[in-house]
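S.K.: Have a peek at data32.csv (CSV, C-alpha atoms).
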```csv
chain,number,residue,atom,x,y,z
A,1,MET,CA,0.0,0.0,0.0
A,2,ILE,CA,2.7,2.4,1.0
A,3,GLY,CA,4.7,1.5,-2.1
A,4,SER,CA,1.7,2.2,-4.3
A,5,LEU,CA,1.2,5.6,-2.7
A,6,VAL,CA,4.9,6.5,-3.2
A,7,PHE,CA,4.6,5.4,-6.9
A,8,LEU,CA,1.5,7.4,-7.5
A,9,GLY,CA,3.0,10.5,-5.7
A,10,ALA,CA,6.1,10.3,-8.0
A,11,PHE,CA,3.9,9.7,-11.1
A,12,TYR,CA,1.7,12.7,-10.4
A,13,ALA,CA,4.8,14.8,-9.5
A,14,VAL,CA,6.3,14.0,-12.9
A,15,LEU,CA,3.0,14.8,-14.6
A,16,ALA,CA,2.9,18.2,-12.8
A,17,VAL,CA,6.4,19.0,-14.0
A,18,VAL,CA,5.6,18.0,-17.6
A,19,ALA,CA,2.4,20.1,-17.5
A,20,ALA,CA,4.2,23.1,-16.1
A,21,THR,CA,6.9,22.8,-18.7
A,22,VAL,CA,4.3,22.6,-21.5
A,23,ALA,CA,2.4,25.5,-20.1
A,24,CYS,CA,5.6,27.6,-19.9
A,25,ALA,CA,6.5,26.7,-23.5
A,26,ALA,CA,3.0,27.7,-24.6
A,27,ILE,CA,3.2,31.0,-22.8
A,28,ARG,CA,6.6,31.7,-24.4
A,29,SER,CA,5.3,30.8,-27.8
A,30,ARG,CA,2.3,33.1,-27.4
A,31,ARG,CA,4.5,35.9,-26.3
A,32,ALA,CA,6.9,35.4,-29.2
A,33,LEU,CA,3.9,35.3,-31.6
A,34,ALA,CA,2.4,38.4,-30.0
A,35,ALA,CA,5.8,40.3,-30.3
A,36,GLN,CA,6.1,39.3,-33.9
A,37,GLN,CA,2.6,40.4,-34.7
A,38,VAL,CA,3.2,43.8,-33.0
A,39,ASP,CA,6.4,44.3,-35.1
A,40,GLU,CA,4.5,43.4,-38.3
A,41,ILE,CA,1.6,45.6,-37.5
A,42,ARG,CA,3.8,48.5,-36.6
A,43,TRP,CA,5.9,48.1,-39.7
A,44,HIS,CA,2.9,48.0,-42.0
A,45,GLU,CA,1.4,51.1,-40.3
A,46,THR,CA,4.7,52.9,-40.8
A,47,PHE,CA,4.8,51.9,-44.5
A,48,HIS,CA,1.3,53.1,-45.2
A,49,GLU,CA,1.9,56.4,-43.4
A,50,LEU,CA,4.7,57.2,-45.9
A,51,PRO,CA,3.6,59.5,-48.8
A,52,PRO,CA,3.2,57.6,-52.1
A,53,SER,CA,6.4,59.0,-53.5
A,54,GLU,CA,8.3,57.3,-50.6
A,55,ARG,CA,6.6,53.9,-51.2
A,56,GLN,CA,8.1,53.4,-54.6
A,57,CYS,CA,9.4,50.1,-55.7
A,58,ARG,CA,13.2,49.7,-55.5
A,59,HIS,CA,13.2,49.0,-59.3
A,60,VAL,CA,12.1,52.5,-60.0
A,61,ALA,CA,15.5,53.7,-58.7
A,62,THR,CA,17.2,51.3,-61.0
A,63,GLY,CA,15.2,52.5,-64.0
A,64,GLU,CA,13.3,49.3,-64.6
A,65,PHE,CA,10.0,51.1,-63.9
A,66,ARG,CA,9.0,54.7,-64.4
A,67,TYR,CA,6.6,54.5,-61.5
A,68,ARG,CA,5.5,51.6,-59.3
A,69,GLU,CA,4.3,51.7,-55.7
A,70,CYS,CA,5.5,48.7,-53.7
A,71,PRO,CA,2.6,46.4,-53.0
A,72,HIS,CA,4.3,44.4,-50.2
A,73,ALA,CA,5.6,47.1,-47.7
A,74,PHE,CA,9.2,46.7,-49.0
A,75,ASP,CA,9.2,43.0,-48.4
A,76,CYS,CA,10.7,41.8,-51.7
A,77,ARG,CA,10.8,38.2,-50.4
A,78,ILE,CA,7.2,37.7,-51.3
A,79,CYS,CA,7.1,39.8,-54.5
A,80,GLU,CA,6.8,37.8,-57.7
A,81,THR,CA,7.8,40.9,-59.8
A,82,HIS,CA,11.1,41.3,-57.8
A,83,THR,CA,11.8,37.6,-58.1
A,84,ARG,CA,11.4,37.7,-61.9
A,85,LEU,CA,13.5,40.8,-62.3
A,86,VAL,CA,16.5,39.6,-60.2
A,87,ALA,CA,16.5,36.3,-62.0
A,88,ARG,CA,17.7,38.2,-65.0
A,89,LYS,CA,20.7,39.6,-63.1
A,90,PRO,CA,21.6,37.7,-59.9
A,91,LEU,CA,22.6,39.7,-56.8
A,92,ILE,CA,26.3,39.7,-56.5
A,93,LEU,CA,28.3,41.6,-53.9
A,94,ARG,CA,31.2,43.6,-55.4
A,95,ASP,CA,34.9,43.2,-54.5
A,96,THR,CA,35.4,46.9,-54.9
A,97,PRO,CA,35.8,48.5,-51.5
A,98,GLN,CA,33.1,51.2,-51.3
A,99,GLU,CA,30.9,53.9,-52.8
A,100,GLU,CA,31.6,57.5,-51.9
A,101,ILE,CA,28.4,59.6,-51.7
A,102,PHE,CA,28.6,63.2,-50.3
A,103,GLY,CA,31.8,62.3,-48.5
A,104,MET,CA,30.2,59.2,-46.9
A,105,SER,CA,31.6,55.7,-47.3
A,106,PHE,CA,29.2,52.9,-48.2
A,107,PRO,CA,31.0,49.6,-48.4
A,108,LEU,CA,29.9,47.3,-51.2
A,109,ASP,CA,30.4,44.0,-49.5
A,110,ARG,CA,27.0,44.2,-47.8
A,111,PHE,CA,23.3,44.8,-48.2
A,112,TYR,CA,21.4,47.8,-47.0
A,113,HIS,CA,18.0,48.1,-45.2
A,114,ARG,CA,15.8,51.2,-45.9
A,115,GLY,CA,16.0,52.0,-42.2
A,116,HIS,CA,19.7,52.6,-42.5
A,117,THR,CA,21.1,49.4,-41.1
A,118,TRP,CA,23.3,47.0,-43.1
A,119,VAL,CA,24.0,43.3,-43.3
A,120,ARG,CA,27.4,41.7,-44.1
A,121,PRO,CA,27.6,37.9,-44.6
A,122,GLU,CA,30.5,36.3,-42.8
A,123,PRO,CA,32.5,33.2,-43.8
A,124,ASP,CA,31.2,31.2,-40.8
A,125,GLY,CA,27.6,31.5,-41.8
A,126,THR,CA,26.7,34.3,-39.4
A,127,VAL,CA,26.0,37.9,-40.5
A,128,THR,CA,27.1,41.2,-39.0
A,129,ILE,CA,24.7,44.0,-38.9
A,130,GLY,CA,25.3,47.7,-38.1
A,131,LEU,CA,24.3,51.3,-38.8
A,132,ASP,CA,25.1,52.9,-42.1
A,133,GLU,CA,27.1,56.1,-42.5
A,134,LEU,CA,24.2,58.4,-43.0
A,135,GLY,CA,22.5,57.0,-39.9
A,136,ARG,CA,25.7,57.3,-38.0
A,137,ARG,CA,26.0,61.0,-38.8
A,138,VAL,CA,22.4,61.6,-37.8
A,139,LEU,CA,23.0,59.8,-34.5
A,140,SER,CA,26.6,60.9,-34.1
A,141,SER,CA,26.6,61.7,-30.3
A,142,PRO,CA,23.7,59.7,-28.7
A,143,ASP,CA,22.8,60.1,-25.1
A,144,ARG,CA,22.4,56.4,-24.6
A,145,VAL,CA,22.5,53.2,-26.7
A,146,GLU,CA,20.6,50.0,-25.7
A,147,LEU,CA,22.0,46.9,-27.4
A,148,PRO,CA,20.3,43.5,-27.2
A,149,PRO,CA,21.9,40.8,-25.1
A,150,ALA,CA,23.5,37.7,-26.7
A,151,GLY,CA,20.8,35.2,-27.3
A,152,ALA,CA,18.1,37.7,-28.1
A,153,GLY,CA,15.9,37.0,-31.1
A,154,LEU,CA,15.6,39.5,-34.0
A,155,ARG,CA,12.9,39.8,-36.6
A,156,VAL,CA,13.0,41.6,-39.9
A,157,ASN,CA,11.7,45.2,-39.4
A,158,GLY,CA,11.6,44.6,-35.6
A,159,THR,CA,13.8,46.5,-33.1
A,160,ALA,CA,17.5,45.6,-33.4
A,161,TRP,CA,18.7,48.2,-30.8
A,162,ARG,CA,17.7,51.6,-29.5
A,163,VAL,CA,19.5,54.9,-29.5
A,164,HIS,CA,18.4,57.9,-27.4
A,165,GLN,CA,19.4,61.2,-29.1
A,166,ARG,CA,18.2,64.5,-27.6
A,167,ASN,CA,14.4,64.1,-27.5
A,168,ALA,CA,14.3,61.2,-29.9
A,169,ASP,CA,14.0,57.5,-28.9
A,170,VAL,CA,15.1,55.7,-32.1
A,171,ARG,CA,14.4,52.1,-32.8
A,172,LEU,CA,16.9,50.9,-35.3
A,173,LEU,CA,15.3,48.2,-37.4
A,174,SER,CA,16.7,44.7,-37.8
A,175,PRO,CA,17.5,43.9,-41.5
A,176,VAL,CA,17.5,40.1,-40.8
A,177,GLU,CA,15.8,37.4,-38.7
A,178,GLY,CA,18.0,35.4,-36.3
A,179,GLN,CA,19.6,35.2,-32.9
A,180,VAL,CA,22.3,37.6,-31.6
A,181,VAL,CA,25.5,35.7,-30.8
A,182,GLU,CA,27.8,38.7,-30.2
A,183,VAL,CA,27.4,42.3,-29.3
A,184,GLY,CA,29.7,45.2,-29.2
A,185,GLY,CA,32.2,47.4,-31.0
A,186,PRO,CA,32.4,51.2,-31.4
A,187,ASP,CA,29.8,51.2,-34.1
A,188,TRP,CA,27.2,49.1,-32.1
A,189,VAL,CA,27.5,46.2,-34.5
A,190,LEU,CA,25.8,42.8,-33.8
A,191,ARG,CA,26.8,39.4,-35.0
A,192,VAL,CA,23.7,37.3,-35.7
A,193,LYS,CA,23.0,33.6,-36.5
A,194,PRO,CA,20.4,33.7,-39.2
A,195,ALA,CA,17.1,31.8,-38.7
A,196,ASP,CA,17.1,28.5,-40.6
A,197,GLY,CA,20.9,28.8,-41.0
A,198,CYS,CA,20.8,30.9,-44.1
A,199,PRO,CA,19.9,34.6,-44.3
A,200,ASP,CA,17.2,35.7,-46.6
A,201,LEU,CA,18.4,39.0,-48.0
A,202,ARG,CA,16.0,39.5,-51.0
A,203,HIS,CA,14.3,42.5,-49.3
A,204,LEU,CA,17.6,44.4,-48.9
A,205,LEU,CA,19.1,46.9,-51.2
A,206,THR,CA,22.1,45.8,-53.3
A,207,PRO,CA,25.3,47.6,-54.0
A,208,GLU,CA,23.9,48.7,-57.4
A,209,GLU,CA,21.0,50.3,-55.7
A,210,VAL,CA,22.9,52.2,-53.0
A,211,ARG,CA,23.6,55.4,-54.8
A,212,PRO,CA,20.1,56.2,-56.2
A,213,TRP,CA,18.6,55.3,-52.8
A,214,LEU,CA,21.0,57.5,-50.9
A,215,LEU,CA,20.4,60.5,-53.2
A,216,ARG,CA,16.7,60.2,-52.4
A,217,GLU,CA,17.4,59.8,-48.7
A,218,MET,CA,19.4,63.0,-48.7
A,219,GLU,CA,16.4,64.8,-50.2
A,220,ARG,CA,14.2,63.3,-47.5
A,221,LEU,CA,16.7,64.4,-44.8
A,222,GLN,CA,16.8,67.9,-46.1
A,223,LEU,CA,13.0,68.1,-46.0
A,224,ALA,CA,12.9,66.8,-42.5
A,225,LEU,CA,15.4,69.3,-41.3
A,226,SER,CA,13.5,72.2,-43.1
A,227,PRO,CA,13.5,75.2,-42.7
A,228,ALA,CA,17.1,74.8,-41.4
A,229,ALA,CA,18.2,72.5,-44.2
A,230,ALA,CA,20.0,74.9,-46.5
A,231,PRO,CA,23.5,74.3,-45.2
A,232,THR,CA,23.2,70.5,-44.7
A,233,LEU,CA,25.5,69.9,-47.6
A,234,ALA,CA,28.7,71.8,-46.8
A,235,ASP,CA,32.3,71.9,-48.0
A,236,GLY,CA,31.6,71.2,-51.6
A,237,GLY,CA,28.9,68.6,-51.2
A,238,VAL,CA,30.4,66.7,-48.2
A,239,LEU,CA,27.8,66.1,-45.5
A,240,VAL,CA,28.7,67.4,-42.0
A,241,ASP,CA,29.8,64.7,-39.6
A,242,ASP,CA,27.5,65.5,-36.7
A,243,ILE,CA,24.1,66.6,-38.1
A,244,ALA,CA,22.4,66.9,-34.7
A,245,ALA,CA,25.0,69.3,-33.4
A,246,ASN,CA,24.7,71.5,-36.5
A,247,TYR,CA,20.9,71.7,-36.3
A,248,PRO,CA,19.9,72.2,-32.6
A,249,GLU,CA,16.7,73.9,-33.6
A,250,ALA,CA,15.4,71.0,-35.6
A,251,ASP,CA,12.6,68.8,-34.4
A,252,TRP,CA,14.9,65.8,-33.8
A,253,ASP,CA,12.1,63.3,-32.9
A,254,ALA,CA,10.5,64.1,-36.3
A,255,VAL,CA,13.8,64.0,-38.2
A,256,CYS,CA,14.7,60.6,-36.8
A,257,GLY,CA,11.2,59.3,-37.3
A,258,GLU,CA,11.4,60.2,-40.9
A,259,LEU,CA,14.8,58.8,-41.7
A,260,PHE,CA,14.7,55.6,-39.6
A,261,LEU,CA,11.1,54.7,-40.6
A,262,GLN,CA,9.6,54.9,-37.1
A,263,GLY,CA,6.0,55.6,-38.0
```
Translate this structure into structure tokens?
M.R.:
Amino acid sequence: MIGSLVFLGAFYAVLAVVAATVACAAIRSRRALAAQQVDEIRWHETFHELPPSERQCRHVATGEFRYRECPHAFDCRICETHTRLVARKPLILRDTPQEEIFGMSFPLDRFYHRGHTWVRPEPDGTVTIGLDELGRRVLSSPDRVELPPAGAGLRVNGTAWRVHQRNADVRLLSPVEGQVVEVGGPDWVLRVKPADGCPDLRHLLTPEEVRPWLLREMERLQLALSPAAAPTLADGGVLVDDIAANYPEADWDAVCGELFLQG
């Protein structure tokens, strides 16, 4: 009798542990799904708040269309038109070191997100992500930077890290989906293990698209800084290094919201 009671007690204790584990896993899954849904909703709201001229397909910049509004919120991974067009000319990273645009360096060994982050594939299968040069000059001297811990999960167009600059709380958007494996460096870079082992980079801008995109981004920045935008390009067309310091009267929350697609 006593042996039966001990056995039943142990059996139900194991069941309780299993039930608790399953419940915790279900809660974590629901939280992850909710977080993903929040990111997707916020991104789509941001996209649809952009004026039509800012929702143009990337293939307009390359001259393949005269006008075409993106139907997929810049997610080229699900776009049949993009798939058909890139099949004609596969995406290849250049060996040439960089593109110089208004005195800013844009290395051509990586892909660029429209929110001014970049992705560089690494030989070990991970990717490094960071902030591009225009973004760095806008956030040159932040008050605080909040980087994710190693092990944190990232989602495309979700928050990669946060920068607090004057009155602006900027969410820098992740260009890839995966898990952070290393954090640090002077430029706030993250090393990420892509989801499913292989990064899907079809939604990101290629080296050939960097120059036309940046020229348009400079126009957007000038409009956001208006009416103080006239001297933004100084010294023969070279962008000042610390834009925030040069425009203390600008509405910095609005400027960052515009450039980093905060919505």
S.K.: List as a ChimeraX atom specification the protein and nucleic acid residues near range 190-197 of chain A, meaning an atom at most 8 Å away when all atoms listed in the file are counted, but skip any in the same chain fewer than 2 places from it.
M.R.: /A:125-130,176-184,188,199
S.K.: Could you name the residues that touch Leu221 in chain A at 8 Å or less, counting only C-alpha atoms, but leaving out those on the same chain fewer than 2 positions away, as a PDB file with C-alpha atoms, keeping the file's coordinate frame?
M.R.:
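Wrote it out as part-v8.pdb, contents follow:
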```pdb
ATOM      1  CA  GLU A 217      17.400  59.800 -48.700  1.00  0.00           C
ATOM      2  CA  MET A 218      19.400  63.000 -48.700  1.00  0.00           C
ATOM      3  CA  GLU A 219      16.400  64.800 -50.200  1.00  0.00           C
ATOM      4  CA  LEU A 223      13.000  68.100 -46.000  1.00  0.00           C
ATOM      5  CA  ALA A 224      12.900  66.800 -42.500  1.00  0.00           C
ATOM      6  CA  LEU A 225      15.400  69.300 -41.300  1.00  0.00           C
ATOM      7  CA  VAL A 255      13.800  64.000 -38.200  1.00  0.00           C
ATOM      8  CA  GLU A 258      11.400  60.200 -40.900  1.00  0.00           C
ATOM      9  CA  LEU A 259      14.800  58.800 -41.700  1.00  0.00           C
TER      10      LEU A 259
END
```
S.K.: Counting all atoms listed in the file, which of A:Val170, A:Val145, A:Ala250, A:Leu201 gets nearest to Arg120 in chain A?
M.R.: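 Between A:Val170, A:Val145, A:Ala250, A:Leu201, the residue approaching Arg120 in chain A most closely is A:Leu201.
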S.K.: Write out as a PyMOL selection string the residues lying within 8 Å of range 99-103 of chain A, counting all atoms listed in the file and excluding same-chain residues fewer than 2 positions away.
M.R.: chain A and resi 97+105-108+211+214+233+237-239
S.K.: Restricting the output to C-alpha atoms, write the selected residues as a PDB file, in the coordinates of the input.
M.R.:
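out_38.pdb, written as the output of this step:
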```pdb
ATOM      1  CA  PRO A  97      35.800  48.500 -51.500  1.00  0.00           C
ATOM      2  CA  SER A 105      31.600  55.700 -47.300  1.00  0.00           C
ATOM      3  CA  PHE A 106      29.200  52.900 -48.200  1.00  0.00           C
ATOM      4  CA  PRO A 107      31.000  49.600 -48.400  1.00  0.00           C
ATOM      5  CA  LEU A 108      29.900  47.300 -51.200  1.00  0.00           C
ATOM      6  CA  ARG A 211      23.600  55.400 -54.800  1.00  0.00           C
ATOM      7  CA  LEU A 214      21.000  57.500 -50.900  1.00  0.00           C
ATOM      8  CA  LEU A 233      25.500  69.900 -47.600  1.00  0.00           C
ATOM      9  CA  GLY A 237      28.900  68.600 -51.200  1.00  0.00           C
ATOM     10  CA  VAL A 238      30.400  66.700 -48.200  1.00  0.00           C
ATOM     11  CA  LEU A 239      27.800  66.100 -45.500  1.00  0.00           C
TER      12      LEU A 239
END
```
S.K.: Quick one: residues within 10 Å of His44 in chain A, all atoms listed in the file, excluding same-chain residues fewer than 3 positions away - as a list in words?
M.R.: Val38, Asp39, Glu40, Ile41, Phe47, His48, Glu49, His72, Ala73, Phe74, Asn157 and Gly263 of chain A
S.K.: Find the distance between CA of Gly115 in chain A and CA of Glu249 in chain A and write it in Å to one decimal.
M.R.: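 That distance, rounded to one decimal, is 23.5 Å.
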